[in-house]
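What follows is one structure encoded as structure tokens, with my remarks underneath.
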Amino acid sequence: MSFASFPRASLAHLPTPLAEMKRLRAALENEGVAAPRLFIKRDDCTGLAGGGNKTRKLEFLIGEAIAQGADTVVTTGALQSNHARQTAAAAVAAGLKPVLVLLDMVPYKGRAYRRSGNRLLDDLLGAEVRIVPEGANPAAFIKNTLDEISSSGGKPFFVPTGGSNATGSLGYAAAYFEIADALDALGISSARIVHGSSSGGTQGGLVAGAALRGKGPAIHGINVYRADHAAMMADILKLARATAEKLGAPALADDAIILEDGFLGERYGMPTDAMVEAVKLVARSEGILLDPVYTGKAMAGLLALIRAGRFPRDETIVFLHTGGMPGLFAYEEEFAAQDA
Ligand SMILES: Cc1ncc(COP(=O)(O)O)c(C=O)c1O
């Protein structure tokens, strides 16, 4: 089945740039590290209201919502969800009403966390924001929201956390072709894609895309989400299999998922020193802004793996920048405090 056979809304600026990070590699070599060739795939530049990886998924999800005749898009995420912000923008761009059910699930106490960053942008985009009250069951709260919209004559379309179902993951199956074709054009045959993994749709989609294409770079997710590593691997594999099946790709082996652990820190959304170091290093060597929750921790993981000699010097790494820059403003105290 080709990507063209699925309903798709045009939301993203594609292809996103693929750029070499020569200065970051030089900074590592100055430390005496034998660093591989480093590229960055700029999915922070997908273009929709601040960009990010969710835009690729939302092209297929909003396509499905329109095909089903929906008039309202409901989704869920943490207070600083990049996914919720991009879903709100995608809904507006498609003429649909955005409703965001947000969970106060990260115990980060910074002053800006509740007001700035993505939360500010959700309001600016005109989203209706409902915060799940403390002690309430999030699934029941979401169901009530959907029922309420339906009973008042609306037609809601629900987008799951992170846009991570087989429809959303089509966006990253297609992205795999974009990356692998670009590497082929550069004559690079031995490469790995490294990225932050959370709800799993990005990794599941990439892995399904790899199965469909048959050859190309390996995929390393870096766990920035769950302490239960085995459960997360199992969920990503399930999603990759569902996406591969939707595309008619060959079946995936049980060991198809590579998920690196050890970079989450205390928990999802809580800063680590290594994240702050990675965000600063990439900003100051390449002029590229990462984020505190996903790409900063993913880059911290990549740097640690390179420093530990995991990737040979003649290999190429493509770091997938999945976006999230607005989150920097929500964590302003973290970065300021580290410099004080
Ligand atoms: C900036 C950013 N990077 C990475 C991810 C992780 O992607 P996925 O949920 O598809 O694993 C997210 C998800 O919210 C994100 O917002």
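Identifiers in this document derive from the order of the structure tokens: chains are assigned A, B, ..., residues are numbered from 1 separately in each chain, and ligands are numbered from 1 in order of occurrence.
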Spatial neighbours of Phe157 of chain A, 6 Å, only C-alpha atoms, chain gap at least 4 places, as a PDB file with all heavy atoms, in the first residue's frame:
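The file below, part_36.pdb, is the result:
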```pdb
ATOM      1  N   ALA A  65      -9.495  12.597  10.219  1.00  0.00           N
ATOM      2  CA  ALA A  65     -10.577  13.351  10.879  1.00  0.00           C
ATOM      3  C   ALA A  65     -11.490  14.004   9.841  1.00  0.00           C
ATOM      4  O   ALA A  65     -12.725  13.934   9.943  1.00  0.00           O
ATOM      5  CB  ALA A  65      -9.973  14.420  11.801  1.00  0.00           C
ATOM      6  N   ALA A  70     -15.380  14.977  10.928  1.00  0.00           N
ATOM      7  CA  ALA A  70     -15.280  15.568  12.268  1.00  0.00           C
ATOM      8  C   ALA A  70     -15.297  17.090  12.186  1.00  0.00           C
ATOM      9  O   ALA A  70     -14.911  17.681  11.170  1.00  0.00           O
ATOM     10  CB  ALA A  70     -13.986  15.100  12.937  1.00  0.00           C
ATOM     11  N   VAL A  73     -11.362  18.410  17.152  1.00  0.00           N
ATOM     12  CA  VAL A  73     -10.254  17.482  17.403  1.00  0.00           C
ATOM     13  C   VAL A  73      -9.919  17.544  18.884  1.00  0.00           C
ATOM     14  O   VAL A  73      -9.663  18.623  19.426  1.00  0.00           O
ATOM     15  CB  VAL A  73      -9.011  17.850  16.561  1.00  0.00           C
ATOM     16  CG1 VAL A  73      -7.854  16.910  16.865  1.00  0.00           C
ATOM     17  CG2 VAL A  73      -9.348  17.805  15.082  1.00  0.00           C
TER      18      VAL A  73
END
```
With only C-alpha atoms and all ligand atoms counted, collect every polymer residue having an atom within 7 Å of ligand 1; state the result as number ranges by chain. A: 52-54, 81-83, 162, 164, 196-203, 291, 294-295, 322-324
Do you know which residues are at most 8 Å from Leu212 of chain A counting only C-alpha atoms, after dropping those on the same chain fewer than 5 positions away, and could you put them as a JSON list (two decimals) with N, CA, C and O atoms, in the first residue's frame?
```json
[["chain", "number", "residue", "atom", "x", "y", "z"],
["A", 244, "ALA", "N", 3.28, -1.30, 10.10],
["A", 244, "ALA", "CA", 3.80, -2.11, 8.98],
["A", 244, "ALA", "C", 2.65, -2.85, 8.29],
["A", 244, "ALA", "O", 2.59, -2.93, 7.06],
["A", 247, "LEU", "N", 0.64, -0.74, 6.04],
["A", 247, "LEU", "CA", 1.36, -0.42, 4.81],
["A", 247, "LEU", "C", 1.63, -1.65, 3.94],
["A", 247, "LEU", "O", 2.18, -1.53, 2.85],
["A", 248, "GLY", "N", 1.28, -2.82, 4.46],
["A", 248, "GLY", "CA", 1.57, -4.05, 3.73],
["A", 248, "GLY", "C", 3.06, -4.36, 3.69],
["A", 248, "GLY", "O", 3.57, -5.00, 2.76],
["A", 249, "ALA", "N", 3.82, -3.91, 4.71],
["A", 249, "ALA", "CA", 5.27, -4.17, 4.77],
["A", 249, "ALA", "C", 5.51, -5.56, 5.35],
["A", 249, "ALA", "O", 4.63, -6.11, 6.03],
["A", 250, "PRO", "N", 6.71, -6.12, 5.12],
["A", 250, "PRO", "CA", 7.02, -7.44, 5.71],
["A", 250, "PRO", "C", 6.91, -7.42, 7.24],
["A", 250, "PRO", "O", 7.11, -6.38, 7.86]]
```
I want to know what sits within 7 Å of Ala127 of chain A, based on only C-alpha atoms, with residues of the same chain fewer than 5 positions away left out; could you give that as a PDB file with N, CA, C and O atoms, in the first residue's frame?
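Below is the file result21.pdb, written as the result:
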```
ATOM      1  N   ALA A  88      -3.385  21.484  18.210  1.00  0.00           N
ATOM      2  CA  ALA A  88      -4.247  22.670  18.197  1.00  0.00           C
ATOM      3  C   ALA A  88      -4.043  23.443  16.897  1.00  0.00           C
ATOM      4  O   ALA A  88      -5.012  23.828  16.223  1.00  0.00           O
ATOM      5  N   PRO A  98     -10.079  22.906  18.181  1.00  0.00           N
ATOM      6  CA  PRO A  98      -9.177  22.120  19.029  1.00  0.00           C
ATOM      7  C   PRO A  98      -9.595  22.110  20.501  1.00  0.00           C
ATOM      8  O   PRO A  98      -9.863  23.162  21.080  1.00  0.00           O
ATOM      9  N   VAL A  99      -9.648  20.911  21.087  1.00  0.00           N
ATOM     10  CA  VAL A  99      -9.911  20.761  22.521  1.00  0.00           C
ATOM     11  C   VAL A  99      -8.749  19.947  23.107  1.00  0.00           C
ATOM     12  O   VAL A  99      -8.465  18.843  22.638  1.00  0.00           O
ATOM     13  N   LEU A 100      -8.078  20.499  24.111  1.00  0.00           N
ATOM     14  CA  LEU A 100      -6.908  19.826  24.703  1.00  0.00           C
ATOM     15  C   LEU A 100      -7.218  19.420  26.138  1.00  0.00           C
ATOM     16  O   LEU A 100      -7.612  20.258  26.950  1.00  0.00           O
ATOM     17  N   ASP A 122      -0.814  27.258  23.305  1.00  0.00           N
ATOM     18  CA  ASP A 122      -2.154  26.622  23.218  1.00  0.00           C
ATOM     19  C   ASP A 122      -3.234  27.694  23.294  1.00  0.00           C
ATOM     20  O   ASP A 122      -4.209  27.680  22.534  1.00  0.00           O
TER      21      ASP A 122
END
```
Give me, please, the distance in Å between atom CA of Ala218 of chain A and atom CA of Thr46 of chain A, quoted to one decimal.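 If I compute the distance from atom CA of Ala218 of chain A to atom CA of Thr46 of chain A, I get 22.6 Å.
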List the spatial neighbours of Pro160 of chain A as a list in words - criterion: any atom at most 9 Å away, only C-alpha atoms, same-chain residues fewer than 6 positions off excluded.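 Here the answer would be Val74, Thr75, Thr76 and Gly77 of chain A.
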Among segment 126-314 of chain A, which residues does DSSP mark as alpha helix (DSSP H) when it is run on the backbone? Keep the chain and numbering as in the structure and answer as number ranges by chain. A: 138-151, 166-185, 201-213, 229-247, 273-286, 295-307
Produce a file of the selected residues containing C-alpha atoms, as an mmCIF file, in the first residue's frame.
```
data_model
loop_
_atom_site.group_PDB
_atom_site.id
_atom_site.type_symbol
_atom_site.label_atom_id
_atom_site.label_comp_id
_atom_site.auth_asym_id
_atom_site.auth_seq_id
_atom_site.Cartn_x
_atom_site.Cartn_y
_atom_site.Cartn_z
ATOM 1 C CA PRO A 138 -7.768 10.734 32.803
ATOM 2 C CA ALA A 139 -9.423 8.128 30.531
ATOM 3 C CA ALA A 140 -12.845 8.762 32.089
ATOM 4 C CA PHE A 141 -12.299 12.523 31.865
ATOM 5 C CA ILE A 142 -11.473 12.222 28.135
ATOM 6 C CA LYS A 143 -14.527 10.013 27.545
ATOM 7 C CA ASN A 144 -16.762 12.551 29.275
ATOM 8 C CA THR A 145 -15.291 15.314 27.127
ATOM 9 C CA LEU A 146 -15.989 13.338 23.924
ATOM 10 C CA ASP A 147 -19.530 12.457 25.081
ATOM 11 C CA GLU A 148 -20.256 16.058 25.972
ATOM 12 C CA ILE A 149 -19.143 17.278 22.531
ATOM 13 C CA SER A 150 -21.237 14.587 20.802
ATOM 14 C CA SER A 151 -24.346 15.245 22.872
ATOM 15 C CA ALA A 166 -0.891 3.283 13.287
ATOM 16 C CA THR A 167 -2.383 6.238 11.383
ATOM 17 C CA GLY A 168 -0.105 8.837 13.002
ATOM 18 C CA SER A 169 2.935 6.605 12.605
ATOM 19 C CA LEU A 170 2.460 6.616 8.831
ATOM 20 C CA GLY A 171 4.042 10.076 9.029
ATOM 21 C CA TYR A 172 7.297 8.587 10.306
ATOM 22 C CA ALA A 173 7.202 5.613 7.962
ATOM 23 C CA ALA A 174 7.154 8.205 5.172
ATOM 24 C CA ALA A 175 9.902 10.192 6.952
ATOM 25 C CA TYR A 176 12.118 7.087 6.912
ATOM 26 C CA PHE A 177 12.033 7.156 3.108
ATOM 27 C CA GLU A 178 12.849 10.887 3.132
ATOM 28 C CA ILE A 179 15.917 10.312 5.339
ATOM 29 C CA ALA A 180 17.130 7.124 3.644
ATOM 30 C CA ASP A 181 16.732 8.626 0.149
ATOM 31 C CA ALA A 182 18.709 11.722 1.237
ATOM 32 C CA LEU A 183 21.519 9.532 2.627
ATOM 33 C CA ASP A 184 21.578 7.527 -0.616
ATOM 34 C CA ALA A 185 21.881 10.778 -2.578
ATOM 35 C CA GLY A 201 4.867 6.728 17.179
ATOM 36 C CA THR A 202 8.045 8.245 15.805
ATOM 37 C CA GLN A 203 10.098 5.098 16.370
ATOM 38 C CA GLY A 204 7.255 2.730 15.437
ATOM 39 C CA GLY A 205 6.747 4.618 12.175
ATOM 40 C CA LEU A 206 10.467 4.712 11.332
ATOM 41 C CA VAL A 207 10.789 0.971 11.987
ATOM 42 C CA ALA A 208 7.740 0.230 9.828
ATOM 43 C CA GLY A 209 9.177 2.475 7.102
ATOM 44 C CA ALA A 210 12.472 0.578 7.280
ATOM 45 C CA ALA A 211 10.620 -2.728 6.860
ATOM 46 C CA LEU A 212 8.751 -1.380 3.846
ATOM 47 C CA ARG A 213 11.871 0.108 2.208
ATOM 48 C CA HIS A 229 11.915 -0.138 29.657
ATOM 49 C CA ALA A 230 10.609 -3.598 28.691
ATOM 50 C CA ALA A 231 6.983 -2.424 28.597
ATOM 51 C CA MET A 232 7.957 0.562 26.472
ATOM 52 C CA MET A 233 9.855 -1.670 23.985
ATOM 53 C CA ALA A 234 6.823 -3.974 23.756
ATOM 54 C CA ASP A 235 4.466 -1.037 23.083
ATOM 55 C CA ILE A 236 6.725 0.397 20.381
ATOM 56 C CA LEU A 237 7.003 -3.016 18.692
ATOM 57 C CA LYS A 238 3.225 -3.388 18.746
ATOM 58 C CA LEU A 239 2.803 0.023 17.152
ATOM 59 C CA ALA A 240 5.519 -0.657 14.559
ATOM 60 C CA ARG A 241 3.790 -3.937 13.651
ATOM 61 C CA ALA A 242 0.377 -2.265 13.317
ATOM 62 C CA THR A 243 1.884 0.436 11.084
ATOM 63 C CA ALA A 244 3.804 -2.111 8.984
ATOM 64 C CA GLU A 245 0.601 -4.108 8.539
ATOM 65 C CA LYS A 246 -1.327 -1.007 7.445
ATOM 66 C CA LEU A 247 1.358 -0.415 4.812
ATOM 67 C CA ASP A 273 22.461 17.872 34.252
ATOM 68 C CA ALA A 274 23.413 15.923 31.116
ATOM 69 C CA MET A 275 20.370 17.384 29.295
ATOM 70 C CA VAL A 276 21.400 20.931 30.210
ATOM 71 C CA GLU A 277 24.964 20.215 29.053
ATOM 72 C CA ALA A 278 23.708 18.775 25.735
ATOM 73 C CA VAL A 279 21.323 21.676 25.050
ATOM 74 C CA LYS A 280 24.130 24.181 25.686
ATOM 75 C CA LEU A 281 26.730 22.276 23.668
ATOM 76 C CA VAL A 282 24.512 22.049 20.568
ATOM 77 C CA ALA A 283 23.377 25.675 20.912
ATOM 78 C CA ARG A 284 26.955 26.913 21.285
ATOM 79 C CA SER A 285 28.590 24.694 18.664
ATOM 80 C CA GLU A 286 25.883 24.576 15.969
ATOM 81 C CA THR A 295 15.740 16.259 22.237
ATOM 82 C CA GLY A 296 17.975 17.517 25.069
ATOM 83 C CA LYS A 297 17.854 14.139 26.816
ATOM 84 C CA ALA A 298 18.151 12.307 23.477
ATOM 85 C CA MET A 299 21.241 14.348 22.588
ATOM 86 C CA ALA A 300 22.653 13.730 26.086
ATOM 87 C CA GLY A 301 22.217 10.018 25.340
ATOM 88 C CA LEU A 302 23.862 10.283 21.927
ATOM 89 C CA LEU A 303 26.832 12.220 23.362
ATOM 90 C CA ALA A 304 27.265 9.641 26.140
ATOM 91 C CA LEU A 305 27.170 6.763 23.633
ATOM 92 C CA ILE A 306 29.716 8.511 21.372
ATOM 93 C CA ARG A 307 31.997 9.268 24.348
#
```
Just list as a list in words whatever in segment 80-186 of chain A DSSP marks as strand (DSSP E or B).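 Reading the DSSP output for segment 80-186 of chain A, strand (DSSP E or B) covers Lys97, Pro98, Val99, Leu100, Val101, Leu102, Leu103, Glu128, Val129, Arg130, Ile131, Pro156, Phe157, Phe158 and Val159 of chain A.
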Quick one: write out the picked residues with N, CA, C and O atoms as a PDB file, in the first residue's frame?
```pdb
ATOM      1  N   LYS A  97     -12.210  22.559  15.400  1.00  0.00           N
ATOM      2  CA  LYS A  97     -12.050  23.171  16.732  1.00  0.00           C
ATOM      3  C   LYS A  97     -11.118  22.314  17.586  1.00  0.00           C
ATOM      4  O   LYS A  97     -11.342  21.117  17.742  1.00  0.00           O
ATOM      5  N   PRO A  98     -10.079  22.906  18.181  1.00  0.00           N
ATOM      6  CA  PRO A  98      -9.177  22.120  19.029  1.00  0.00           C
ATOM      7  C   PRO A  98      -9.595  22.110  20.501  1.00  0.00           C
ATOM      8  O   PRO A  98      -9.863  23.162  21.080  1.00  0.00           O
ATOM      9  N   VAL A  99      -9.648  20.911  21.087  1.00  0.00           N
ATOM     10  CA  VAL A  99      -9.911  20.761  22.521  1.00  0.00           C
ATOM     11  C   VAL A  99      -8.749  19.947  23.107  1.00  0.00           C
ATOM     12  O   VAL A  99      -8.465  18.843  22.638  1.00  0.00           O
ATOM     13  N   LEU A 100      -8.078  20.499  24.111  1.00  0.00           N
ATOM     14  CA  LEU A 100      -6.908  19.826  24.703  1.00  0.00           C
ATOM     15  C   LEU A 100      -7.218  19.420  26.138  1.00  0.00           C
ATOM     16  O   LEU A 100      -7.612  20.258  26.950  1.00  0.00           O
ATOM     17  N   VAL A 101      -7.051  18.135  26.431  1.00  0.00           N
ATOM     18  CA  VAL A 101      -7.213  17.630  27.800  1.00  0.00           C
ATOM     19  C   VAL A 101      -5.798  17.439  28.352  1.00  0.00           C
ATOM     20  O   VAL A 101      -5.072  16.536  27.932  1.00  0.00           O
ATOM     21  N   LEU A 102      -5.405  18.317  29.260  1.00  0.00           N
ATOM     22  CA  LEU A 102      -4.009  18.297  29.722  1.00  0.00           C
ATOM     23  C   LEU A 102      -3.888  17.726  31.124  1.00  0.00           C
ATOM     24  O   LEU A 102      -4.750  17.946  31.986  1.00  0.00           O
ATOM     25  N   LEU A 103      -2.780  17.002  31.329  1.00  0.00           N
ATOM     26  CA  LEU A 103      -2.537  16.347  32.620  1.00  0.00           C
ATOM     27  C   LEU A 103      -1.382  17.033  33.348  1.00  0.00           C
ATOM     28  O   LEU A 103      -0.305  17.206  32.769  1.00  0.00           O
ATOM     29  N   GLU A 128      -9.444  25.115  23.297  1.00  0.00           N
ATOM     30  CA  GLU A 128     -10.173  24.977  24.568  1.00  0.00           C
ATOM     31  C   GLU A 128      -9.354  24.011  25.419  1.00  0.00           C
ATOM     32  O   GLU A 128      -9.135  22.864  25.037  1.00  0.00           O
ATOM     33  N   VAL A 129      -8.874  24.494  26.562  1.00  0.00           N
ATOM     34  CA  VAL A 129      -7.997  23.671  27.403  1.00  0.00           C
ATOM     35  C   VAL A 129      -8.761  23.215  28.631  1.00  0.00           C
ATOM     36  O   VAL A 129      -9.345  24.021  29.350  1.00  0.00           O
ATOM     37  N   ARG A 130      -8.770  21.901  28.857  1.00  0.00           N
ATOM     38  CA  ARG A 130      -9.396  21.329  30.063  1.00  0.00           C
ATOM     39  C   ARG A 130      -8.296  20.591  30.825  1.00  0.00           C
ATOM     40  O   ARG A 130      -7.685  19.673  30.266  1.00  0.00           O
ATOM     41  N   ILE A 131      -8.093  20.970  32.067  1.00  0.00           N
ATOM     42  CA  ILE A 131      -7.048  20.305  32.846  1.00  0.00           C
ATOM     43  C   ILE A 131      -7.687  19.242  33.732  1.00  0.00           C
ATOM     44  O   ILE A 131      -8.670  19.515  34.440  1.00  0.00           O
ATOM     45  N   PRO A 156     -16.650  14.865  17.381  1.00  0.00           N
ATOM     46  CA  PRO A 156     -15.247  14.870  17.820  1.00  0.00           C
ATOM     47  C   PRO A 156     -14.426  13.755  17.166  1.00  0.00           C
ATOM     48  O   PRO A 156     -14.932  12.680  16.883  1.00  0.00           O
ATOM     49  N   PHE A 157     -13.146  14.054  16.937  1.00  0.00           N
ATOM     50  CA  PHE A 157     -12.183  13.049  16.477  1.00  0.00           C
ATOM     51  C   PHE A 157     -11.092  13.021  17.531  1.00  0.00           C
ATOM     52  O   PHE A 157     -10.514  14.062  17.862  1.00  0.00           O
ATOM     53  N   PHE A 158     -10.826  11.832  18.093  1.00  0.00           N
ATOM     54  CA  PHE A 158      -9.837  11.735  19.167  1.00  0.00           C
ATOM     55  C   PHE A 158      -8.467  11.344  18.624  1.00  0.00           C
ATOM     56  O   PHE A 158      -8.323  10.344  17.921  1.00  0.00           O
ATOM     57  N   VAL A 159      -7.478  12.134  18.974  1.00  0.00           N
ATOM     58  CA  VAL A 159      -6.078  11.843  18.629  1.00  0.00           C
ATOM     59  C   VAL A 159      -5.396  11.353  19.910  1.00  0.00           C
ATOM     60  O   VAL A 159      -5.340  12.087  20.896  1.00  0.00           O
TER      61      VAL A 159
END
```
Let me make sure I understand: among A:Leu96, A:Tyr108, A:Ser190, A:Leu18, which one has the smallest atom-to-atom distance to Arg313 of chain A if we use only C-alpha atoms? A:Ser190
Proximity to Glu332 of chain A - best of A:Met1, A:Ala112, A:Leu24, A:Ala78, only C-alpha atoms: A:Ala112
Among listed residues A:Ala253, A:Val33, A:Ile317, A:Leu125, nearest Val194 of chain A (using only C-alpha atoms):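 Looking at the shortest contact to Val194 of chain A, the residue is A:Ile317.
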One decimal, Å: what's the distance from atom CA of Tyr225 of chain A over to atom CA of Gly262 of chain A, could you say?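 One can read the atom CA of Tyr225 of chain A to atom CA of Gly262 of chain A distance as 11.0 Å.
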Straight-line distance linking atom CA of Leu121 of chain A with atom CA of Ala49 of chain A, stated in Å to one decimal: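 Computed distance, atom CA of Leu121 of chain A to atom CA of Ala49 of chain A, equals 8.4 Å.
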